[in-house]
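Shown below: start_29.tsv, with TSV, C-alpha atoms and all ligand atoms.
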chain	number	residue	atom	x	y	z
Q	1	MET	CA	103.87	34.96	-3.19
Q	2	ASP	CA	105.51	36.51	-6.21
Q	3	ILE	CA	106.35	40.05	-7.23
Q	4	ILE	CA	106.39	41.09	-10.89
Q	5	PHE	CA	107.90	44.47	-11.70
Q	6	ASN	CA	106.44	46.52	-14.53
Q	7	ARG	CA	108.79	49.37	-13.92
Q	8	LEU	CA	111.71	49.81	-11.54
Q	9	ASP	CA	113.76	52.99	-11.44
Q	10	GLU	CA	115.87	54.48	-8.71
Q	11	ASN	CA	113.02	56.60	-7.39
Q	12	SER	CA	109.80	54.97	-8.51
Q	13	CYS	CA	108.42	51.58	-9.33
Q	14	ARG	CA	105.25	49.71	-10.14
Q	15	PHE	CA	104.74	46.03	-9.46
Q	16	GLN	CA	102.07	43.43	-8.95
Q	17	ILE	CA	102.07	41.12	-6.00
Q	18	GLY	CA	100.05	38.00	-5.32
Q	19	PRO	CA	98.55	35.90	-4.03
Q	20	VAL	CA	98.24	37.94	-0.83
Q	21	ASN	CA	95.27	39.15	1.17
Q	22	THR	CA	94.28	42.75	1.82
Q	23	ALA	CA	95.69	42.67	5.35
Q	24	PHE	CA	99.13	41.82	4.02
Q	25	ALA	CA	98.96	44.35	1.18
Q	26	ASN	CA	98.05	47.09	3.60
Q	27	SER	CA	100.64	46.18	6.22
Q	28	PHE	CA	103.24	46.10	3.44
Q	29	ARG	CA	102.20	49.61	2.41
Q	30	ARG	CA	102.28	50.84	5.98
Q	31	ALA	CA	105.65	49.21	6.63
Q	32	MET	CA	107.20	50.97	3.63
Q	33	ILE	CA	105.77	54.34	4.65
Q	34	GLY	CA	106.14	54.26	8.40
Q	35	GLU	CA	108.72	51.68	9.40
Q	36	VAL	CA	111.67	52.01	7.02
Q	37	PRO	CA	114.13	54.40	8.68
Q	38	THR	CA	115.84	57.27	6.87
Q	39	LEU	CA	117.94	60.25	7.85
Q	40	ALA	CA	116.35	63.67	8.21
Q	41	ILE	CA	117.49	66.84	9.92
Q	42	GLU	CA	115.99	67.03	13.39
Q	43	ASP	CA	118.05	69.61	15.29
Q	44	VAL	CA	119.14	72.95	13.88
Q	45	ARG	CA	121.43	75.22	15.82
Q	46	ILE	CA	121.01	78.77	14.54
Q	47	TYR	CA	124.02	81.03	14.98
Q	48	ASP	CA	122.80	83.78	12.74
Q	49	ASN	CA	119.59	84.34	10.81
Q	50	THR	CA	118.84	87.79	9.50
Q	51	SER	CA	116.72	86.47	6.62
Q	52	ALA	CA	113.02	87.22	6.19
Q	53	LEU	CA	112.09	83.79	7.53
Q	54	PHE	CA	111.68	83.07	11.24
Q	55	ASP	CA	114.13	80.58	12.76
Q	56	GLU	CA	111.36	77.98	13.08
Q	57	ILE	CA	110.36	78.22	9.43
Q	58	LEU	CA	113.97	78.04	8.34
Q	59	ALA	CA	114.51	74.94	10.51
Q	60	HIS	CA	111.32	73.36	9.18
Q	61	ARG	CA	112.34	73.91	5.57
Q	62	ILE	CA	115.77	72.42	6.25
Q	63	GLY	CA	114.14	69.44	7.98
Q	64	LEU	CA	112.08	68.57	4.91
Q	65	ILE	CA	115.12	68.12	2.68
Q	66	PRO	CA	115.59	64.41	1.91
Q	67	ILE	CA	119.04	63.14	2.89
Q	68	THR	CA	120.64	60.17	1.10
Q	69	THR	CA	120.85	57.42	3.66
Q	70	ASP	CA	123.26	54.53	4.05
Q	71	LEU	CA	121.34	52.37	6.50
Q	72	SER	CA	124.40	50.30	7.40
Q	73	GLY	CA	126.27	53.43	8.50
Q	74	TYR	CA	123.89	54.80	11.13
Q	75	VAL	CA	121.89	53.62	14.14
Q	76	LYS	CA	118.91	55.23	15.81
Q	77	ARG	CA	119.73	57.76	18.51
Q	78	GLU	CA	117.87	55.87	21.25
Q	79	GLU	CA	119.68	52.62	20.35
Q	80	CYS	CA	123.14	54.16	20.15
Q	81	SER	CA	125.94	53.38	22.61
Q	82	CYS	CA	126.27	57.12	23.34
Q	83	ASN	CA	122.91	57.01	25.19
Q	84	GLY	CA	121.33	59.66	23.00
Q	85	GLU	CA	123.98	62.32	23.48
Q	86	GLY	CA	124.88	62.33	19.81
Q	87	CYS	CA	127.95	60.85	18.15
Q	88	PRO	CA	129.08	60.09	14.57
Q	89	ALA	CA	127.27	56.71	14.68
Q	90	CYS	CA	123.83	58.18	15.28
Q	91	ARG	CA	123.86	61.60	13.68
Q	92	ALA	CA	125.04	63.30	10.50
Q	93	MET	CA	126.25	66.88	10.81
Q	94	PHE	CA	125.84	69.66	8.31
Q	95	THR	CA	126.99	73.25	8.43
Q	96	MET	CA	125.71	76.11	6.34
Q	97	SER	CA	126.98	79.64	6.14
Q	98	VAL	CA	125.65	81.89	3.39
Q	99	GLU	CA	125.67	85.63	2.93
Q	100	GLY	CA	123.32	87.54	0.64
Q	101	PRO	CA	122.44	88.58	-1.92
Q	102	GLY	CA	121.28	85.34	-3.49
Q	103	MET	CA	119.29	82.20	-2.99
Q	104	VAL	CA	120.30	79.66	-0.35
Q	105	TYR	CA	120.07	76.15	-1.80
Q	106	SER	CA	120.23	72.71	-0.23
Q	107	ARG	CA	123.71	72.31	-1.74
Q	108	ASP	CA	124.91	74.97	0.69
Q	109	LEU	CA	124.52	72.41	3.48
Q	110	ILE	CA	128.08	71.17	3.82
Q	111	PRO	CA	128.10	67.58	5.09
Q	112	GLU	CA	130.58	66.14	7.53
Q	113	ASP	CA	130.17	62.70	5.96
Q	114	PRO	CA	130.60	63.00	2.16
Q	115	ALA	CA	128.28	60.01	1.56
Q	116	THR	CA	125.40	61.62	3.45
Q	117	ILE	CA	124.22	64.56	1.37
Q	118	PRO	CA	120.94	66.26	0.42
Q	119	ALA	CA	119.23	64.11	-2.23
Q	120	TYR	CA	118.56	67.21	-4.33
Q	121	ASP	CA	121.14	69.96	-4.49
Q	122	ASN	CA	118.81	72.66	-5.84
Q	123	ILE	CA	116.06	72.94	-3.23
Q	124	PRO	CA	115.60	76.66	-2.53
Q	125	ILE	CA	115.66	77.34	1.21
Q	126	VAL	CA	115.50	81.12	1.49
Q	127	LYS	CA	116.24	84.13	-0.67
Q	128	LEU	CA	118.63	86.65	0.85
Q	129	THR	CA	119.16	90.28	-0.04
Q	130	LYS	CA	122.30	92.29	0.57
Q	131	ASP	CA	123.63	92.09	4.15
Q	132	GLN	CA	121.36	89.21	5.13
Q	133	LYS	CA	123.04	86.14	6.51
Q	134	VAL	CA	122.26	82.58	7.54
Q	135	VAL	CA	124.69	80.55	9.66
Q	136	VAL	CA	123.40	77.23	10.98
Q	137	GLU	CA	124.53	73.82	12.11
Q	138	ALA	CA	122.13	70.95	11.39
Q	139	HIS	CA	122.02	67.43	12.81
Q	140	ALA	CA	120.31	64.65	10.90
Q	141	ILE	CA	119.22	61.55	12.78
Q	142	LEU	CA	117.73	58.21	11.82
Q	143	SER	CA	114.05	57.69	12.53
Q	144	THR	CA	110.85	56.42	10.93
Q	145	GLY	CA	107.82	57.92	9.21
Q	146	LYS	CA	105.56	57.23	12.14
Q	147	MET	CA	107.48	59.84	14.14
Q	148	HIS	CA	107.27	62.56	11.50
Q	149	ALA	CA	106.54	62.57	7.76
Q	150	LYS	CA	110.03	63.92	7.01
Q	151	TRP	CA	111.41	60.43	7.81
Q	152	GLN	CA	109.13	58.70	5.32
Q	153	PRO	CA	111.25	57.25	2.52
Q	154	THR	CA	108.19	57.24	0.22
Q	155	THR	CA	106.05	59.94	-1.32
Q	156	ALA	CA	103.26	58.24	-3.28
Q	157	CYS	CA	102.89	54.70	-2.00
Q	158	GLY	CA	99.68	52.77	-2.55
Q	159	TYR	CA	97.95	49.81	-4.09
Q	160	LYS	CA	94.80	48.72	-5.87
Q	161	ASN	CA	93.27	45.37	-6.68
Q	162	TYR	CA	94.16	43.84	-10.02
Q	163	PRO	CA	91.28	44.74	-12.40
Q	164	LEU	CA	89.26	42.05	-14.11
Q	165	ILE	CA	87.02	43.01	-17.02
Q	166	THR	CA	84.58	40.51	-18.50
Q	167	ILE	CA	82.64	41.23	-21.67
Q	168	GLY	CA	79.52	39.13	-22.15
Q	169	GLU	CA	77.82	37.73	-25.24
Q	170	ALA	CA	75.28	40.54	-25.16
Q	171	CYS	CA	77.82	43.13	-26.30
Q	172	ASP	CA	76.90	44.60	-29.69
Q	173	GLY	CA	80.01	46.73	-30.15
Q	174	CYS	CA	78.17	50.05	-29.86
Q	175	GLY	CA	81.28	51.68	-28.37
Q	176	GLN	CA	79.51	53.67	-25.64
Q	177	CYS	CA	81.81	52.24	-22.96
Q	178	VAL	CA	84.92	53.03	-25.04
Q	179	GLU	CA	83.94	56.66	-25.18
Q	180	GLU	CA	83.21	56.85	-21.47
Q	181	CYS	CA	86.38	55.18	-20.16
Q	182	PRO	CA	88.74	57.90	-18.80
Q	183	ARG	CA	91.77	55.59	-18.86
Q	184	VAL	CA	91.52	54.39	-22.49
Q	185	VAL	CA	91.31	50.77	-21.43
Q	186	LEU	CA	88.73	49.63	-23.99
Q	187	GLU	CA	88.50	49.50	-27.79
Q	188	VAL	CA	85.99	48.20	-30.33
Q	189	HIS	CA	87.24	45.13	-32.11
Q	190	GLY	CA	84.88	43.91	-34.82
Q	191	ALA	CA	81.38	43.64	-33.38
Q	192	ARG	CA	82.65	43.37	-29.80
Q	193	VAL	CA	84.53	45.49	-27.39
Q	194	LYS	CA	87.81	44.31	-25.88
Q	195	VAL	CA	90.55	45.46	-23.54
Q	196	VAL	CA	93.40	47.27	-25.28
Q	197	PRO	CA	96.40	44.93	-24.97
Q	198	GLY	CA	98.61	45.94	-22.06
Q	199	ARG	CA	96.24	48.54	-20.63
Q	200	ILE	CA	94.21	46.43	-18.21
Q	201	GLU	CA	96.34	47.64	-15.28
Q	202	GLU	CA	95.41	51.25	-16.04
Q	203	CYS	CA	91.75	50.56	-15.18
Q	204	SER	CA	90.76	52.42	-12.02
Q	205	LEU	CA	87.70	50.23	-11.36
Q	206	CYS	CA	85.54	53.36	-11.70
Q	207	GLY	CA	82.64	51.45	-13.29
Q	208	LEU	CA	81.80	54.19	-15.79
Q	209	CYS	CA	81.84	51.65	-18.61
Q	210	GLU	CA	79.13	49.60	-16.89
Q	211	LYS	CA	76.97	52.69	-16.53
Q	212	ALA	CA	77.54	53.66	-20.16
Q	213	CYS	CA	76.58	50.19	-21.26
Q	214	LEU	CA	73.32	50.35	-19.31
Q	215	GLY	CA	72.71	53.78	-20.81
Q	216	SER	CA	73.04	52.36	-24.32
Q	217	GLY	CA	69.77	50.55	-23.75
Q	218	ILE	CA	71.12	47.03	-23.43
Q	219	GLY	CA	68.63	46.05	-20.73
Q	220	GLU	CA	68.83	45.27	-17.05
Q	221	GLU	CA	72.38	43.87	-17.03
Q	222	PRO	CA	75.41	45.57	-18.63
Q	223	ALA	CA	77.33	43.47	-21.14
Q	224	ILE	CA	80.60	44.63	-19.62
Q	225	LYS	CA	81.41	43.84	-16.01
Q	226	VAL	CA	84.26	45.28	-13.96
Q	227	SER	CA	85.51	43.36	-10.96
Q	228	PHE	CA	88.90	42.61	-9.45
Q	229	GLU	CA	91.11	39.73	-8.46
Q	230	LYS	CA	90.80	39.43	-4.70
Q	231	LYS	CA	94.35	38.20	-4.11
Q	232	ARG	CA	96.35	40.28	-6.58
Q	233	TYR	CA	97.46	43.86	-6.05
Q	234	ILE	CA	99.18	46.52	-8.08
Q	235	PHE	CA	101.54	48.68	-6.06
Q	236	VAL	CA	103.05	52.03	-6.94
Q	237	VAL	CA	105.95	53.08	-4.76
Q	238	GLU	CA	107.73	56.38	-5.21
Q	239	GLY	CA	110.79	57.33	-3.17
Q	240	ASP	CA	111.77	60.82	-2.04
Q	241	GLY	CA	115.43	60.27	-2.93
Q	242	SER	CA	116.68	59.28	0.51
Q	243	LEU	CA	116.63	55.55	-0.28
Q	244	PRO	CA	116.36	53.68	-3.60
Q	245	VAL	CA	112.86	52.13	-3.90
Q	246	LYS	CA	114.37	48.67	-4.08
Q	247	GLN	CA	115.77	49.12	-0.59
Q	248	ILE	CA	112.45	50.52	0.66
Q	249	ILE	CA	110.68	47.37	-0.54
Q	250	VAL	CA	113.28	45.01	0.92
Q	251	HIS	CA	113.34	46.78	4.28
Q	252	GLY	CA	109.54	46.95	4.39
Q	253	LEU	CA	109.28	43.21	3.85
Q	254	GLN	CA	112.04	42.56	6.36
Q	255	PHE	CA	110.15	44.60	8.95
Q	256	ILE	CA	106.99	42.50	8.48
Q	257	LYS	CA	109.05	39.33	8.76
Q	258	ASP	CA	110.78	40.44	11.95
Q	259	GLN	CA	107.48	41.46	13.52
Q	260	SER	CA	105.82	38.16	12.60
Q	261	GLU	CA	108.73	36.22	14.00
Q	262	GLU	CA	108.61	38.15	17.23
Q	263	LEU	CA	104.88	37.54	17.50
Q	264	LYS	CA	105.42	33.85	16.93
Q	265	GLU	CA	108.08	33.75	19.62
Q	266	ARG	CA	105.91	35.60	22.14
Q	267	ILE	CA	102.96	33.32	21.48
Q	268	GLY	CA	105.31	30.38	21.89
Q	269	GLU	CA	106.43	31.72	25.27
Q	270	ILE	CA	102.87	32.01	26.46
Q	271	SER	CA	101.59	28.71	25.10
Q	272	GLY	CA	104.79	26.76	25.72
Q	273	GLY	CA	104.98	25.58	22.12
Q	274	THR	CA	107.29	26.61	19.28
Q	275	GLY	CA	104.52	28.13	17.20
Q	276	ASP	CA	105.13	25.68	14.36
Q	277	GLU	CA	102.57	23.08	15.49
Q	278	LYS	CA	99.73	22.28	13.14
Q	279	GLN	CA	96.35	23.69	14.06
Q	280	GLU	CA	93.62	21.10	14.70
E	1	MET	CA	109.15	80.84	-0.50
E	2	ILE	CA	107.82	77.86	-2.43
E	3	PRO	CA	107.11	74.96	-0.02
E	4	VAL	CA	109.89	72.35	-0.13
E	5	ARG	CA	107.48	69.48	-0.72
E	6	CYS	CA	103.96	68.92	-1.95
E	7	PHE	CA	101.56	69.29	1.00
E	8	THR	CA	99.61	66.20	0.01
E	9	CYS	CA	101.99	63.55	-1.29
E	10	GLY	CA	105.36	64.82	-0.08
E	11	LYS	CA	107.10	64.89	-3.45
E	12	VAL	CA	109.97	67.38	-3.51
E	13	ILE	CA	108.57	70.01	-5.89
E	14	SER	CA	110.50	73.15	-4.95
E	15	PRO	CA	113.46	72.64	-7.33
E	16	ALA	CA	111.02	72.83	-10.26
E	17	TYR	CA	109.63	76.23	-9.30
E	18	GLU	CA	112.32	78.45	-10.77
E	19	GLU	CA	112.06	76.82	-14.17
E	20	PHE	CA	108.26	76.80	-13.98
E	21	LYS	CA	108.12	80.49	-13.16
E	22	HIS	CA	110.62	81.38	-15.82
E	23	ARG	CA	108.81	79.50	-18.57
E	24	ARG	CA	105.34	80.60	-17.46
E	25	ASP	CA	106.40	84.24	-17.47
E	26	ALA	CA	107.72	83.69	-20.97
E	27	GLY	CA	104.17	82.80	-21.98
E	28	GLU	CA	104.33	79.02	-22.22
E	29	ASP	CA	101.26	76.89	-21.45
E	30	PRO	CA	101.46	75.83	-17.78
E	31	LYS	CA	100.03	72.38	-18.62
E	32	LYS	CA	102.94	71.64	-20.90
E	33	ILE	CA	105.54	72.93	-18.45
E	34	LEU	CA	104.13	70.82	-15.61
E	35	ASP	CA	104.11	67.73	-17.84
E	36	ASP	CA	107.73	68.41	-18.80
E	37	LEU	CA	108.74	68.82	-15.18
E	38	GLY	CA	107.32	65.42	-14.26
E	39	MET	CA	104.47	66.72	-12.08
E	40	ASP	CA	102.05	63.84	-12.64
E	41	ARG	CA	99.63	64.28	-9.78
E	42	TYR	CA	97.26	67.20	-9.43
E	43	CYS	CA	98.32	67.73	-5.80
E	44	CYS	CA	101.84	68.57	-6.97
E	45	ARG	CA	100.63	70.59	-9.94
E	46	ARG	CA	98.57	72.94	-7.80
E	47	MET	CA	101.60	73.58	-5.58
E	48	LEU	CA	103.40	75.26	-8.48
E	49	LEU	CA	100.32	76.69	-10.19
E	50	THR	CA	98.94	78.49	-7.16
E	51	HIS	CA	102.12	79.70	-5.47
E	52	LYS	CA	102.60	83.43	-5.01
E	53	GLU	CA	106.13	84.46	-4.19
E	54	ILE	CA	106.21	87.26	-1.60
E	55	ILE	CA	109.76	87.09	-0.28
E	56	ASP	CA	110.83	90.04	-2.45
E	57	ASP	CA	107.96	92.10	-1.03
E	58	ILE	CA	108.82	91.49	2.62
E	59	ASN	CA	112.61	91.60	2.32
E	60	PRO	CA	112.83	95.44	2.41
E	61	TYR	CA	111.19	95.46	5.84
E	62	GLN	CA	113.71	93.19	7.52
I	1	LIG	S1	86.13	50.64	-14.81
I	1	LIG	FE1	86.57	52.73	-15.49
I	1	LIG	S2	88.75	52.68	-16.03
I	1	LIG	FE2	88.07	50.55	-15.90
I	1	LIG	S3	87.53	50.03	-18.00
I	1	LIG	FE3	85.62	50.72	-16.99
I	1	LIG	S4	85.52	52.92	-17.47
I	1	LIG	FE4	87.61	52.25	-17.92
I	2	LIG	S1	78.57	49.74	-24.10
I	2	LIG	FE1	78.06	47.60	-23.70
I	2	LIG	S2	77.22	46.88	-25.61
I	2	LIG	FE2	78.26	48.79	-26.08
I	2	LIG	S3	80.33	48.16	-26.69
I	2	LIG	FE3	80.42	48.55	-24.50
I	2	LIG	S4	80.04	46.54	-23.57
I	2	LIG	FE4	79.39	46.37	-25.70
I	3	ZN	ZN	125.39	58.01	19.26
I	4	ZN	ZN	101.75	65.90	-4.65
Would you write out, as structure tokens, the structure that this file holds?
Ligand code: SF4
Ligand code: SF4
Ligand SMILES: [Zn+2]
Ligand SMILES: [Zn+2]
Amino acid sequence: MDIIFNRLDENSCRFQIGPVNTAFANSFRRAMIGEVPTLAIEDVRIYDNTSALFDEILAHRIGLIPITTDLSGYVKREECSCNGEGCPACRAMFTMSVEGPGMVYSRDLIPEDPATIPAYDNIPIVKLTKDQKVVVEAHAILSTGKMHAKWQPTTACGYKNYPLITIGEACDGCGQCVEECPRVVLEVHGARVKVVPGRIEECSLCGLCEKACLGSGIGEEPAIKVSFEKKRYIFVVEGDGSLPVKQIIVHGLQFIKDQSEELKERIGEISGGTGDEKQE
Amino acid sequence: MIPVRCFTCGKVISPAYEEFKHRRDAGEDPKKILDDLGMDRYCCRRMLLTHKEIIDDINPYQ
């Protein structure tokens, strides 16, 4: 299995992976979305809120703010030695005290731990007028996306099969398919059509080019055929700022590995083998 | 208040709203502003395009 990156930034990346099957590609996607833990604000203690928003809405908005997470610095509340009571190892504290008039921003959340801060400092939380006031204490805890979407480290995270376009001898270069393609994947080159260099990955497998080719009166079979490589996938992963995408990928893969190893061990316990024996 | 994140994909879109509103009110083409602000997907674009801010209307009745 190899991974080739086309683009890798702090908060988004695009890569191809193969050879893997669909089951693996999908569990990889699900692991990145639902199993990589991040910090998010879960409990909000409201001392004063005279803003136009209800306490619940205010707490909800605060909960959706991504928090930069150092995974080595925190443990999950249920796994912590404090038995879920809350201590510096399993929760990050923030305080916020703002008086109107003016907008309350995410930067007004003052962290206890200077390394654990809102990933964006300019998220508007609520607009206050004169004499309105918000005083809250917020506790962020570590959890995963399967508990609540606010703990997902990813926003857009998905894959598609690697496109494969074959152009047959019958092609007469009429250019109908080029006009129809919404992703500008094709171009006329001499008396034939070909894939624009470097744009094959943009193809969405929509099949409009095949239809256009049939519509050009070529006969029963289109000259252009769109299919995909069964064992190659293109992934797009976008982070919400709480973790760098590189870490999301590494932790997602690590999760799959740990789960597989546990499964192997359990099967070994039941069957009495080590799980490494060759199948007949 | 503008939702903190896009309802559909979860991208944090609220920080872009103030600039979007400012430039739209100045008469700029919303398509260009959204492209500038890095709103690639149409789920995120509609969040900014269709938002109606009412906090200033309800604040006097607090
Ligand atoms: S399948 Fe769709 S995107 Fe791909 S080349 Fe054909 S028309 Fe373009
Ligand atoms: S529509 Fe068919 S015949 Fe015409 S250029 Fe495209 S592939 Fe060739
Ligand atoms: Zn603890
Ligand atoms: Zn979106």
Worksheet item: Once you count all atoms listed in the file, which residues end up within 6 Å of ligand ZN 3 (chain I), and could you hand them over as a PyMOL selection string?
Response: chain Q and resi 77+80-82+84+86-87+89-90
Worksheet item: For chain Q against chain E, which residues fall within 8 Å using all atoms listed in the file, given as a PyMOL selection string?
Response: chain Q and resi 50-52+61+64-65+122-129+155-156+240
Taking all atoms listed in the file into account, list the residues no farther than 12 Å from ligand LIG 1 (chain I), as a CSV table (one decimal) with C-alpha atoms, keeping the file's coordinate frame.
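To be explicit, this is the file written out as out_3.csv:
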chain,number,residue,atom,x,y,z
Q,161,ASN,CA,93.3,45.4,-6.7
Q,162,TYR,CA,94.2,43.8,-10.0
Q,163,PRO,CA,91.3,44.7,-12.4
Q,164,LEU,CA,89.3,42.0,-14.1
Q,165,ILE,CA,87.0,43.0,-17.0
Q,166,THR,CA,84.6,40.5,-18.5
Q,167,ILE,CA,82.6,41.2,-21.7
Q,175,GLY,CA,81.3,51.7,-28.4
Q,176,GLN,CA,79.5,53.7,-25.6
Q,177,CYS,CA,81.8,52.2,-23.0
Q,178,VAL,CA,84.9,53.0,-25.0
Q,179,GLU,CA,83.9,56.7,-25.2
Q,180,GLU,CA,83.2,56.8,-21.5
Q,181,CYS,CA,86.4,55.2,-20.2
Q,182,PRO,CA,88.7,57.9,-18.8
Q,183,ARG,CA,91.8,55.6,-18.9
Q,184,VAL,CA,91.5,54.4,-22.5
Q,185,VAL,CA,91.3,50.8,-21.4
Q,186,LEU,CA,88.7,49.6,-24.0
Q,187,GLU,CA,88.5,49.5,-27.8
Q,193,VAL,CA,84.5,45.5,-27.4
Q,194,LYS,CA,87.8,44.3,-25.9
Q,195,VAL,CA,90.6,45.5,-23.5
Q,196,VAL,CA,93.4,47.3,-25.3
Q,199,ARG,CA,96.2,48.5,-20.6
Q,200,ILE,CA,94.2,46.4,-18.2
Q,201,GLU,CA,96.3,47.6,-15.3
Q,202,GLU,CA,95.4,51.2,-16.0
Q,203,CYS,CA,91.8,50.6,-15.2
Q,204,SER,CA,90.8,52.4,-12.0
Q,205,LEU,CA,87.7,50.2,-11.4
Q,206,CYS,CA,85.5,53.4,-11.7
Q,207,GLY,CA,82.6,51.4,-13.3
Q,208,LEU,CA,81.8,54.2,-15.8
Q,209,CYS,CA,81.8,51.6,-18.6
Q,210,GLU,CA,79.1,49.6,-16.9
Q,211,LYS,CA,77.0,52.7,-16.5
Q,212,ALA,CA,77.5,53.7,-20.2
Q,213,CYS,CA,76.6,50.2,-21.3
Q,222,PRO,CA,75.4,45.6,-18.6
Q,223,ALA,CA,77.3,43.5,-21.1
Q,224,ILE,CA,80.6,44.6,-19.6
Q,225,LYS,CA,81.4,43.8,-16.0
Q,226,VAL,CA,84.3,45.3,-14.0
Q,227,SER,CA,85.5,43.4,-11.0
Q,228,PHE,CA,88.9,42.6,-9.4
Extending 8 Å beyond the listed atoms of ligand LIG 2 (chain I) on each side, what axis-aligned box results? I want centre and edge lengths in Å to one decimal, as lines of an AutoDock Vina configuration file.
center_x = 78.8
center_y = 48.1
center_z = -25.1
size_x = 19.2
size_y = 19.4
size_z = 19.1
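You will find atom CA of Arg45 of chain E at 7.2 Å from atom ZN of ligand ZN 4 (chain I).
The two atoms in question, atom CA of Gly217 of chain Q and atom CA of His189 of chain Q, are spaced 20.1 Å apart.
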Discussion item. Nearest residue to Val236 of chain Q out of Q:Ile218, Q:Val20, Q:Met32, Q:Ile267, using all atoms listed in the file?
Written reply: Q:Met32
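Considering only C-alpha atoms, the residue among Q:Tyr105, Q:Ala191, Q:Gly73, Q:Ile256 positioned nearest to Asp172 of chain Q is Q:Ala191.
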Item to complete: Would you mind reading off the distance between atom CA of Asp36 of chain E and atom CA of Phe20 of chain E, one decimal, in Å?
Response: 9.7 Å
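Residues surrounding Glu112 of chain Q within 7 Å are Q:Ala92, Q:Met93, Q:Phe94, Q:Ile110, Q:Pro114 [only C-alpha atoms; sequence separation below 2 positions excluded].
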Could you save the residues just selected, with C-alpha atoms, as a PDB file, in the frame of the given file?
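Generated output (result_13.pdb):
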ATOM      1  CA  ALA Q  92     125.040  63.300  10.500  1.00  0.00           C
ATOM      2  CA  MET Q  93     126.250  66.880  10.810  1.00  0.00           C
ATOM      3  CA  PHE Q  94     125.840  69.660   8.310  1.00  0.00           C
ATOM      4  CA  ILE Q 110     128.080  71.170   3.820  1.00  0.00           C
ATOM      5  CA  PRO Q 114     130.600  63.000   2.160  1.00  0.00           C
TER       6      PRO Q 114
END
Practice prompt. Take the point (113.2, 72.8, 14.9) in the file's coordinates, draw a sphere of radius 10 Å around it, and report as an MDAnalysis selection string every protein, DNA or RNA residue with an atom inside or on it, counting only C-alpha atoms.
Written response: chainID Q and resid 41:46 55:63 138
Worksheet item: Which residues, written as a PyMOL selection string, have at least one atom at most 7 Å from Lys231 of chain Q, with all atoms listed in the file counted and residues fewer than 2 positions away on the same chain left out?
Response: chain Q and resi 18-21+229+233
Any chance you could export the current selection's C-alpha atoms as a PDB file, keeping the file's coordinate frame?
ATOM      1  CA  GLY Q  18     100.050  38.000  -5.320  1.00  0.00           C
ATOM      2  CA  PRO Q  19      98.550  35.900  -4.030  1.00  0.00           C
ATOM      3  CA  VAL Q  20      98.240  37.940  -0.830  1.00  0.00           C
ATOM      4  CA  ASN Q  21      95.270  39.150   1.170  1.00  0.00           C
ATOM      5  CA  GLU Q 229      91.110  39.730  -8.460  1.00  0.00           C
ATOM      6  CA  TYR Q 233      97.460  43.860  -6.050  1.00  0.00           C
TER       7      TYR Q 233
END
Worksheet item: Counting all atoms listed in the file, what is within 7 Å of segment 243-248 of chain Q, bar same-chain residues fewer than 3 positions away, as a ChimeraX atom specification?
Response: /Q:10-12,32,36,68-69,153,238-239,251-252
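Shortest separation to Gly100 of chain Q among Q:Leu53, Q:Val134, Q:Met147, Q:Ala40 occurs at residue Q:Val134, atoms counted being all atoms listed in the file.
Minimum atom-to-atom distances from E:Asp40, E:Glu28, E:Leu34, E:Lys21 to ligand ZN 4 (chain I) were compared using all atoms listed in the file, and the lowest value belongs to E:Asp40.
Proximity of Q:Leu263, Q:Ala25, Q:Met103, Q:Leu39 to Tyr159 of chain Q, computed with all atoms listed in the file, is greatest for Q:Ala25.
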Response to the item:
Of E:Arg23, E:Phe7, E:Cys44, E:Asp35, the one nearest to ligand ZN 4 (chain I) when counting all atoms listed in the file is E:Cys44
